[in-house]
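Contents: one structure, followed by commentary.
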Amino acid sequence: MHTRAQARLQVVAGPMFAGKSEELLRRVRRARIAGLEVEVVSHALDDRRGEGLVSSHSGLSVPSRSVPDVAALVAGVQGRGLDLVAIDEAQFFGPDLVAAVDELVTGGVTVVVSGLCVTFDGRPFEPLPALMAIAEDVLKLTAVCAVCGEDAAFHQRIAAAPTGDPRIPTSAQVGGIESYQARCRRHFTGGARA
């Protein structure tokens with residue numbers, strides 16, 4: 001079991017298709033092998049592969065607690081003697097996630113958070129930048145540019161349907177390869193950076 005001194009905030013960030021969920025699942029699997037008490041949490045907004053399931057684009061998956069907001073996340077994990085809480089698609093939880101995660105870590109629970117650190121129009125996507133700033137460990141991944149094959153730090157929306165403000169997650173923004181492509185800086189033509 002972790003002690004307060006061992007609890008850490010670990011952030012796995014990057015664009016779509018970078019392997020963030022896959023890395024989160026790897027860390028969950030290792031924690032469970034080590035005999036730790038683990039809870040995996042996902043946001044109810046992302047039900048692409050079924051509610052209550054965290055899965056990667058490569059096909060790996062693990063059951064999760066699907067919650068609609070930060071309050072439900074905290075209510076579902078507090079006081080349960082957990083060693084590790086893994087939160088996937090953290091961008092859907094918004095800025096309130098920062099204080100909640102900080103409180104969990106201060107209380108002795110290691111928290112692993114994965115999510116998008118950039119919107120599809122190239123702007124910082126909270127709460128990931130704030131979480132990265134206060135984390136003990138940060139892993140920033142890149143994808144492979146769909147145009148040239150170079151490292152891609154961005155993802156670009158290719159679907160034409162309107163989505164609203166990219167910084168405010170909605171179900172219209174949830175998608176995969178049918179709606180988005182990974183892009184390097186040279187081939188990224190989305191919104192704010194165009």
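Residue numbering restarts at 1 for every chain of the structure tokens, chains are lettered A, B, ... in their displayed order, and ligands are numbered from 1 as they appear.
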
Counting only C-alpha atoms, what are the residues of segment 75-185 of chain A within 12 Å of segment 25-43 of chain A, and for each of them which pair of atoms is the nearest and at what distance in Å, to one decimal? Sort the table by chain and rising number, as JSON lines.
```
{"residue": "A:Ala75", "atom": "CA", "partner": "A:Val41", "partner_atom": "CA", "distance": 11.7}
{"residue": "A:Gly76", "atom": "CA", "partner": "A:Val41", "partner_atom": "CA", "distance": 9.1}
{"residue": "A:Val77", "atom": "CA", "partner": "A:Glu39", "partner_atom": "CA", "distance": 7.4}
{"residue": "A:Gln78", "atom": "CA", "partner": "A:Glu39", "partner_atom": "CA", "distance": 10.7}
{"residue": "A:Arg80", "atom": "CA", "partner": "A:Glu37", "partner_atom": "CA", "distance": 9.1}
{"residue": "A:Gly81", "atom": "CA", "partner": "A:Glu37", "partner_atom": "CA", "distance": 7.4}
{"residue": "A:Leu82", "atom": "CA", "partner": "A:Glu37", "partner_atom": "CA", "distance": 4.9}
{"residue": "A:Asp83", "atom": "CA", "partner": "A:Glu37", "partner_atom": "CA", "distance": 5.1}
{"residue": "A:Leu84", "atom": "CA", "partner": "A:Val38", "partner_atom": "CA", "distance": 4.9}
{"residue": "A:Val85", "atom": "CA", "partner": "A:Glu39", "partner_atom": "CA", "distance": 5.0}
{"residue": "A:Ala86", "atom": "CA", "partner": "A:Val40", "partner_atom": "CA", "distance": 4.7}
{"residue": "A:Ile87", "atom": "CA", "partner": "A:Val41", "partner_atom": "CA", "distance": 4.8}
{"residue": "A:Asp88", "atom": "CA", "partner": "A:Ser42", "partner_atom": "CA", "distance": 5.2}
{"residue": "A:Glu89", "atom": "CA", "partner": "A:Ser42", "partner_atom": "CA", "distance": 6.6}
{"residue": "A:Ala90", "atom": "CA", "partner": "A:His43", "partner_atom": "CA", "distance": 7.7}
{"residue": "A:Gln91", "atom": "CA", "partner": "A:His43", "partner_atom": "CA", "distance": 9.2}
{"residue": "A:Phe92", "atom": "CA", "partner": "A:His43", "partner_atom": "CA", "distance": 6.5}
{"residue": "A:Phe93", "atom": "CA", "partner": "A:His43", "partner_atom": "CA", "distance": 7.1}
{"residue": "A:Gly94", "atom": "CA", "partner": "A:His43", "partner_atom": "CA", "distance": 10.7}
{"residue": "A:Leu97", "atom": "CA", "partner": "A:His43", "partner_atom": "CA", "distance": 11.7}
{"residue": "A:Val109", "atom": "CA", "partner": "A:Val38", "partner_atom": "CA", "distance": 9.8}
{"residue": "A:Thr110", "atom": "CA", "partner": "A:Val38", "partner_atom": "CA", "distance": 9.6}
{"residue": "A:Val111", "atom": "CA", "partner": "A:Glu39", "partner_atom": "CA", "distance": 9.7}
{"residue": "A:Val112", "atom": "CA", "partner": "A:Arg27", "partner_atom": "CA", "distance": 8.2}
{"residue": "A:Val113", "atom": "CA", "partner": "A:Val41", "partner_atom": "CA", "distance": 9.6}
{"residue": "A:Ser114", "atom": "CA", "partner": "A:Leu25", "partner_atom": "CA", "distance": 9.9}
{"residue": "A:Gly115", "atom": "CA", "partner": "A:Ser42", "partner_atom": "CA", "distance": 10.6}
{"residue": "A:Pro169", "atom": "CA", "partner": "A:His43", "partner_atom": "CA", "distance": 10.9}
{"residue": "A:Thr170", "atom": "CA", "partner": "A:His43", "partner_atom": "CA", "distance": 11.5}
{"residue": "A:Ser171", "atom": "CA", "partner": "A:His43", "partner_atom": "CA", "distance": 11.1}
{"residue": "A:Val174", "atom": "CA", "partner": "A:His43", "partner_atom": "CA", "distance": 11.4}
```

Selection above as a file: C-alpha atoms, as a PDB file, in the first residue's frame:
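Result written to result29.pdb:
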```
ATOM      1  CA  ALA A  75     -17.619  10.398  -4.514  1.00  0.00           C
ATOM      2  CA  GLY A  76     -16.774   7.099  -6.197  1.00  0.00           C
ATOM      3  CA  VAL A  77     -13.158   6.892  -5.006  1.00  0.00           C
ATOM      4  CA  GLN A  78     -12.906   8.692  -1.651  1.00  0.00           C
ATOM      5  CA  ARG A  80     -12.123   3.307  -0.322  1.00  0.00           C
ATOM      6  CA  GLY A  81      -8.488   2.615   0.609  1.00  0.00           C
ATOM      7  CA  LEU A  82      -7.349   2.831  -2.998  1.00  0.00           C
ATOM      8  CA  ASP A  83      -3.668   2.910  -3.898  1.00  0.00           C
ATOM      9  CA  LEU A  84      -4.128   4.170  -7.439  1.00  0.00           C
ATOM     10  CA  VAL A  85      -6.852   6.009  -9.336  1.00  0.00           C
ATOM     11  CA  ALA A  86      -6.497   6.027 -13.128  1.00  0.00           C
ATOM     12  CA  ILE A  87      -8.499   8.687 -14.990  1.00  0.00           C
ATOM     13  CA  ASP A  88      -8.862   8.422 -18.762  1.00  0.00           C
ATOM     14  CA  GLU A  89      -9.955  11.225 -21.121  1.00  0.00           C
ATOM     15  CA  ALA A  90      -9.288  13.796 -18.392  1.00  0.00           C
ATOM     16  CA  GLN A  91     -10.036  16.723 -20.725  1.00  0.00           C
ATOM     17  CA  PHE A  92     -13.748  15.909 -20.430  1.00  0.00           C
ATOM     18  CA  PHE A  93     -13.700  16.646 -16.680  1.00  0.00           C
ATOM     19  CA  GLY A  94     -12.674  20.286 -17.047  1.00  0.00           C
ATOM     20  CA  LEU A  97     -10.367  18.075 -11.898  1.00  0.00           C
ATOM     21  CA  VAL A 109      -3.542   8.059  -3.446  1.00  0.00           C
ATOM     22  CA  THR A 110      -1.416   7.941  -6.577  1.00  0.00           C
ATOM     23  CA  VAL A 111      -3.362   9.337  -9.519  1.00  0.00           C
ATOM     24  CA  VAL A 112      -2.604   8.612 -13.163  1.00  0.00           C
ATOM     25  CA  VAL A 113      -4.374  10.943 -15.571  1.00  0.00           C
ATOM     26  CA  SER A 114      -4.406  10.635 -19.353  1.00  0.00           C
ATOM     27  CA  GLY A 115      -5.913  13.003 -21.848  1.00  0.00           C
ATOM     28  CA  PRO A 169     -16.269  19.117 -24.515  1.00  0.00           C
ATOM     29  CA  THR A 170     -19.516  17.915 -26.067  1.00  0.00           C
ATOM     30  CA  SER A 171     -20.656  14.591 -27.475  1.00  0.00           C
ATOM     31  CA  VAL A 174     -16.148  12.629 -29.452  1.00  0.00           C
TER      32      VAL A 174
END
```

Could the residues of segment 5-96 of chain A that have an atom at most 12 Å from segment 155-161 of chain A be listed as JSON lines, each with its closest atom pair and the distance in Å to one decimal, counting only C-alpha atoms and ordered by chain and ascending residue number?
```
{"residue": "A:Gly14", "atom": "CA", "partner": "A:His155", "partner_atom": "CA", "distance": 9.3}
{"residue": "A:Pro15", "atom": "CA", "partner": "A:His155", "partner_atom": "CA", "distance": 5.6}
{"residue": "A:Met16", "atom": "CA", "partner": "A:His155", "partner_atom": "CA", "distance": 5.8}
{"residue": "A:Phe17", "atom": "CA", "partner": "A:His155", "partner_atom": "CA", "distance": 8.2}
{"residue": "A:Ala18", "atom": "CA", "partner": "A:His155", "partner_atom": "CA", "distance": 9.7}
```

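Checking A:Gly122, A:Pro63, A:Pro127, A:Pro68 one by one against Ala100 of chain A, counting only C-alpha atoms, you find the shortest gap at A:Pro127.
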
| field | Residue nearest Asp46 of chain A among A:Cys145, A:Val105, A:Glu178, A:Ser64 (counting only C-alpha atoms) | value |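 Using only C-alpha atoms, Asp46 of chain A sits closest to A:Ser64.
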
| atom CA of Arg183 of chain A and atom CA of Gln10 of chain A are how many Å apart? |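 So the answer is 25.2 Å.
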
| query | Restricting the calculation to only C-alpha atoms, which member of A:Val147, A:Ala135, A:Ala44, A:Cys117 is positioned closest to Thr189 of chain A? | reply |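 Of A:Val147, A:Ala135, A:Ala44, A:Cys117, the one nearest Thr189 of chain A, counting only C-alpha atoms, is A:Val147.
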
| message | I need the residue nearest Glu136 of chain A from this list: A:Cys148, A:Arg8, A:Glu23, A:His187. Use only C-alpha atoms for the distance. | response |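 Using only C-alpha atoms, Glu136 of chain A sits closest to A:Arg8.
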